[in-house]
Amino acid sequence: MTLRAVVRGVGHYLPDRVVPNSELEALVQTTDEWIRTRSGIERRHFAAEGQTTSDLALRAARAALADAGLQPPDIDAIIVATSTADLTFPSAATMVQAGLGMTNGFAFDLQAVCAGFVYALSTANALIVSGAARRVLVIGAETFSRLMDWSDRSTCVLFGDGAGALVLEASEQPGTSADRGILAADLHSDGRFKDLLYVDGGVSTGVTGHLRMHGREVFRHAVEKLAETAHTALDKAGFAPEDVSWLVPHQANIRIIEGTAKRMQLPMDRVVVTVQDHGNTSAASIPLALSVGVQRGQIKQGDLIVTEAIGGGLAWGAVVLRW
């Protein structure tokens with residue numbers, strides 16, 4: 001028998017405010033057609049004034065716990081993947097822990113920008129298979145709208161806010177290719193490319209700053225690196241692309257999603273796509289897409305899933321799991 005980190009529950013939360021492309025036409029020199037053609041995005045959600053990243057994370061956490069049929073004391077650890085935590089410290093994860101009324105276990109944030117949820121899944125898997133935790137609540141949550149430079153049309157139209165969460169639980173599996181749970185992970189980073197995607201603020205500057213991106217270069221790295229890491233993770237798990245039920249990619253740009261799927265020789269009808277409704281929600285995009293995929297009836301128990309993402313750092317990676 002083999003100990004695996006199996007998905008027990010999934011959930012998400014999106015702020016009430018929906019911002020269609022037409023609303024952004026009044027802010028910057030852009031059009032709905034321009035945004036759709038270059039990104040596939042039609043609308044996104046923005047957090048309300050005073051609504052924080054931990055607020056979004058808490059709502060997603062409650063939804064995942066309800067789906068799992070569990071209560072907060074059943075959870076041993078909380079990991080929040082985010083680049084937009086409420087404060088420099090303490091972590092958003094401890095705020096979620098308090099919001100859930102948990103006095104047990106431990107909680108921490110993980111920051112790998114858009115790749116954050118892939119990193120968090122891998123970290124949660126390590127906690128479970130090592131015996132350090134039995135159940136881990138893994139959350140991706142962001143309020144990227146607060147990092148936008150509203151005079152930069154190349155970036156401000158791309159991002160949105162939201163949160164998604166999974167409950168992972170230790171489960172003894174037979175140790176075969178049919179096992180449920182996380183089967184393989186592949187993580188990378190390369191700090192030489194930090195200037196391609198970054199925020200020009202932080203503790204050293206005394207201001208929050210704004211997101212800056214060299215889009216063409218990020219696109220080039222994304223398609224190449226995402227397909228490569230997905231293939232590597234599949235190889236580690238002993239699978240080939242034709243075995244994949246669903247590719248659930250980071251929802252950054254429809255052209256990146258299509259380019260990655262093509263390199264993996266996967267048809268788009270086996271790719272979960274939500275970018276049109278959410279925009280790029282950074283670390284929240286994969287758990288959001290997983291939750292929506294389940295709601296749509298696309299993802300079912302037993303399906304082989306590949307998730308992959310790339311973000312600032314550059315940081316990238318992939319996880320293979322059986323639902």
# chains A, B, ... in the order shown; residues from 1 in each chain; ligands from 1

call {"tool": "residues_around", "arguments": {"residues": "region 144-150 of chain A", "least_positions_apart": "5", "cutoff": "9 Å", "atoms": "only C-alpha atoms", "output": "PyMOL selection string"}}
result
chain A and resi 27-28+45-47+83-84+155-157+159-162+199+208-212+280-282

call {"tool": "residues_around", "arguments": {"residues": "Val273 (chain A)", "least_positions_apart": "2", "cutoff": "9 Å", "atoms": "only C-alpha atoms", "output": "ChimeraX atom specification"}}
result
/A:248-249,251,254,257,268,271,275-276,289,293

call {"tool": "closest_atom_pairs", "arguments": {"of": "region 47-81 of chain A", "to": "region 164-173 of chain A", "cutoff": "8 Å", "atoms": "only C-alpha atoms", "output": "Markdown table"}}
result
| residue | atom | partner | partner_atom | distance |
| --- | --- | --- | --- | --- |
| A:Ala57 | CA | A:Gly164 | CA | 7.1 |
| A:Ala60 | CA | A:Gly164 | CA | 5.3 |
| A:Ala61 | CA | A:Ala165 | CA | 5.7 |
| A:Ala63 | CA | A:Ala165 | CA | 7.9 |
| A:Ala64 | CA | A:Leu166 | CA | 5.9 |
| A:Leu65 | CA | A:Val167 | CA | 6.9 |
| A:Ala68 | CA | A:Val167 | CA | 7.1 |

call {"tool": "write_last_selection", "arguments": {"atoms": "C-alpha atoms", "output": "PDB file, in the first residue's frame"}}
result
ATOM      1  CA  ALA A  57      -9.705  32.602   0.987  1.00  0.00           C
ATOM      2  CA  ALA A  60     -13.369  29.300  -0.547  1.00  0.00           C
ATOM      3  CA  ALA A  61     -12.144  27.305   2.457  1.00  0.00           C
ATOM      4  CA  ALA A  63     -16.953  25.841   0.482  1.00  0.00           C
ATOM      5  CA  ALA A  64     -14.251  23.148   0.226  1.00  0.00           C
ATOM      6  CA  LEU A  65     -14.883  21.958   3.784  1.00  0.00           C
ATOM      7  CA  ALA A  68     -15.672  17.393   1.941  1.00  0.00           C
TER       8      ALA A  68
END

call {"tool": "atom_distance", "arguments": {"atom1": "CA of Ser154 (chain A)", "atom2": "CA of His278 (chain A)"}}
result
16.9 Å

call {"tool": "select_by_dssp", "arguments": {"residues": "region 1-53 of chain A", "states": "alpha helix (DSSP H)", "output": "ChimeraX atom specification"}}
result
/A:21-24,32-39,53

call {"tool": "write_last_selection", "arguments": {"atoms": "C-alpha atoms", "output": "tab-separated table (two decimals), in the first residue's frame"}}
result
chain	number	residue	atom	x	y	z
A	21	ASN	CA	-14.27	44.36	-20.83
A	22	SER	CA	-16.60	47.22	-21.76
A	23	GLU	CA	-16.08	48.77	-18.32
A	24	LEU	CA	-12.32	48.88	-18.87
A	32	ASP	CA	-13.48	44.52	-25.86
A	33	GLU	CA	-12.26	43.05	-29.17
A	34	TRP	CA	-8.62	43.88	-28.38
A	35	ILE	CA	-8.81	42.17	-24.99
A	36	ARG	CA	-10.67	39.09	-26.27
A	37	THR	CA	-8.37	38.62	-29.26
A	38	ARG	CA	-5.16	38.82	-27.25
A	39	SER	CA	-6.19	37.08	-24.05
A	53	THR	CA	-7.44	38.28	0.20

call {"tool": "closest_atom_pairs", "arguments": {"of": "region 141-241 of chain A", "to": "region 299-309 of chain A", "cutoff": "7 Å", "atoms": "only C-alpha atoms", "output": "CSV"}}
result
residue,atom,partner,partner_atom,distance
A:Arg180,CA,A:Gly302,CA,6.8
A:Leu226,CA,A:Glu308,CA,6.3
A:Ala230,CA,A:Glu308,CA,6.5

call {"tool": "residues_around", "arguments": {"residues": "Ala85 (chain A)", "least_positions_apart": "3", "cutoff": "12 Å", "atoms": "only C-alpha atoms", "output": "JSON, numbers by chain"}}
result
{"A": [51, 52, 53, 54, 55, 56, 57, 80, 81, 82, 88, 89, 90, 91, 92, 93, 94, 95, 96, 108, 109, 110, 111, 113, 140, 141, 142, 143, 144, 146, 147, 208, 283]}

call {"tool": "residues_around", "arguments": {"residues": "Ser122 (chain A)", "least_positions_apart": "4", "cutoff": "12 Å", "atoms": "only C-alpha atoms", "output": "NGL selection string"}}
result
:A and (4-5 or 79 or 81 or 110 or 115-118 or 126-129 or 136 or 138 or 168 or 181-188 or 233 or 307-308 or 317-321)

call {"tool": "write_last_selection", "arguments": {"atoms": "C-alpha atoms", "output": "CSV table (one decimal), in the first residue's frame"}}
result
chain,number,residue,atom,x,y,z
A,4,ARG,CA,-1.4,9.3,-1.2
A,5,ALA,CA,-2.8,12.8,-0.8
A,79,ILE,CA,-1.5,26.6,3.2
A,81,ALA,CA,-0.8,30.4,-2.0
A,110,LEU,CA,3.4,30.3,0.2
A,115,ALA,CA,2.7,29.0,-9.8
A,116,GLY,CA,1.8,29.3,-6.2
A,117,PHE,CA,-1.0,26.7,-6.1
A,118,VAL,CA,1.2,24.1,-7.9
A,126,ALA,CA,5.0,16.3,1.2
A,127,LEU,CA,3.3,17.0,4.6
A,128,ILE,CA,0.8,14.2,4.1
A,129,VAL,CA,3.1,11.5,2.8
A,136,VAL,CA,-4.4,19.8,4.6
A,138,VAL,CA,-4.8,24.2,0.3
A,168,LEU,CA,-6.3,16.9,0.7
A,181,GLY,CA,-4.4,11.4,-5.2
A,182,ILE,CA,-1.2,13.3,-6.1
A,183,LEU,CA,1.0,11.0,-8.2
A,184,ALA,CA,3.8,13.3,-9.2
A,185,ALA,CA,5.1,16.9,-9.2
A,186,ASP,CA,7.7,18.8,-11.0
A,187,LEU,CA,8.8,22.3,-9.8
A,188,HIS,CA,11.3,24.8,-11.2
A,233,ALA,CA,5.5,15.3,-14.3
A,307,THR,CA,-2.2,21.1,-13.6
A,308,GLU,CA,0.6,23.5,-14.7
A,317,GLY,CA,5.7,23.5,-12.4
A,318,ALA,CA,3.1,20.8,-12.8
A,319,VAL,CA,1.2,18.3,-10.7
A,320,VAL,CA,-0.3,15.0,-11.9
A,321,LEU,CA,-3.2,13.7,-9.7

call {"tool": "atom_distance", "arguments": {"atom1": "CA of Ser151 (chain A)", "atom2": "CA of Pro15 (chain A)"}}
result
23.4 Å

call {"tool": "closest_residue", "arguments": {"among": "A:Gly202, A:Leu290, A:Gln265, A:His214", "to": "His231 (chain A)", "atoms": "only C-alpha atoms"}}
result
A:Gln265

call {"tool": "residues_around", "arguments": {"residues": "region 189-195 of chain A", "least_positions_apart": "2", "cutoff": "10 Å", "atoms": "only C-alpha atoms", "output": "PyMOL selection string"}}
result
chain A and resi 112+115+187+197-200+212-214+217-218+221+310-317

call {"tool": "atom_distance", "arguments": {"atom1": "CA of Glu42 (chain A)", "atom2": "CA of Gly279 (chain A)"}}
result
7.7 Å

call {"tool": "select_by_dssp", "arguments": {"residues": "region 72-246 of chain A", "states": "strand (DSSP E)", "output": "MDAnalysis selection string"}}
result
chainID A and resid 77:81 106:110 135:143 161:173 181:189 197:199 211:213 246
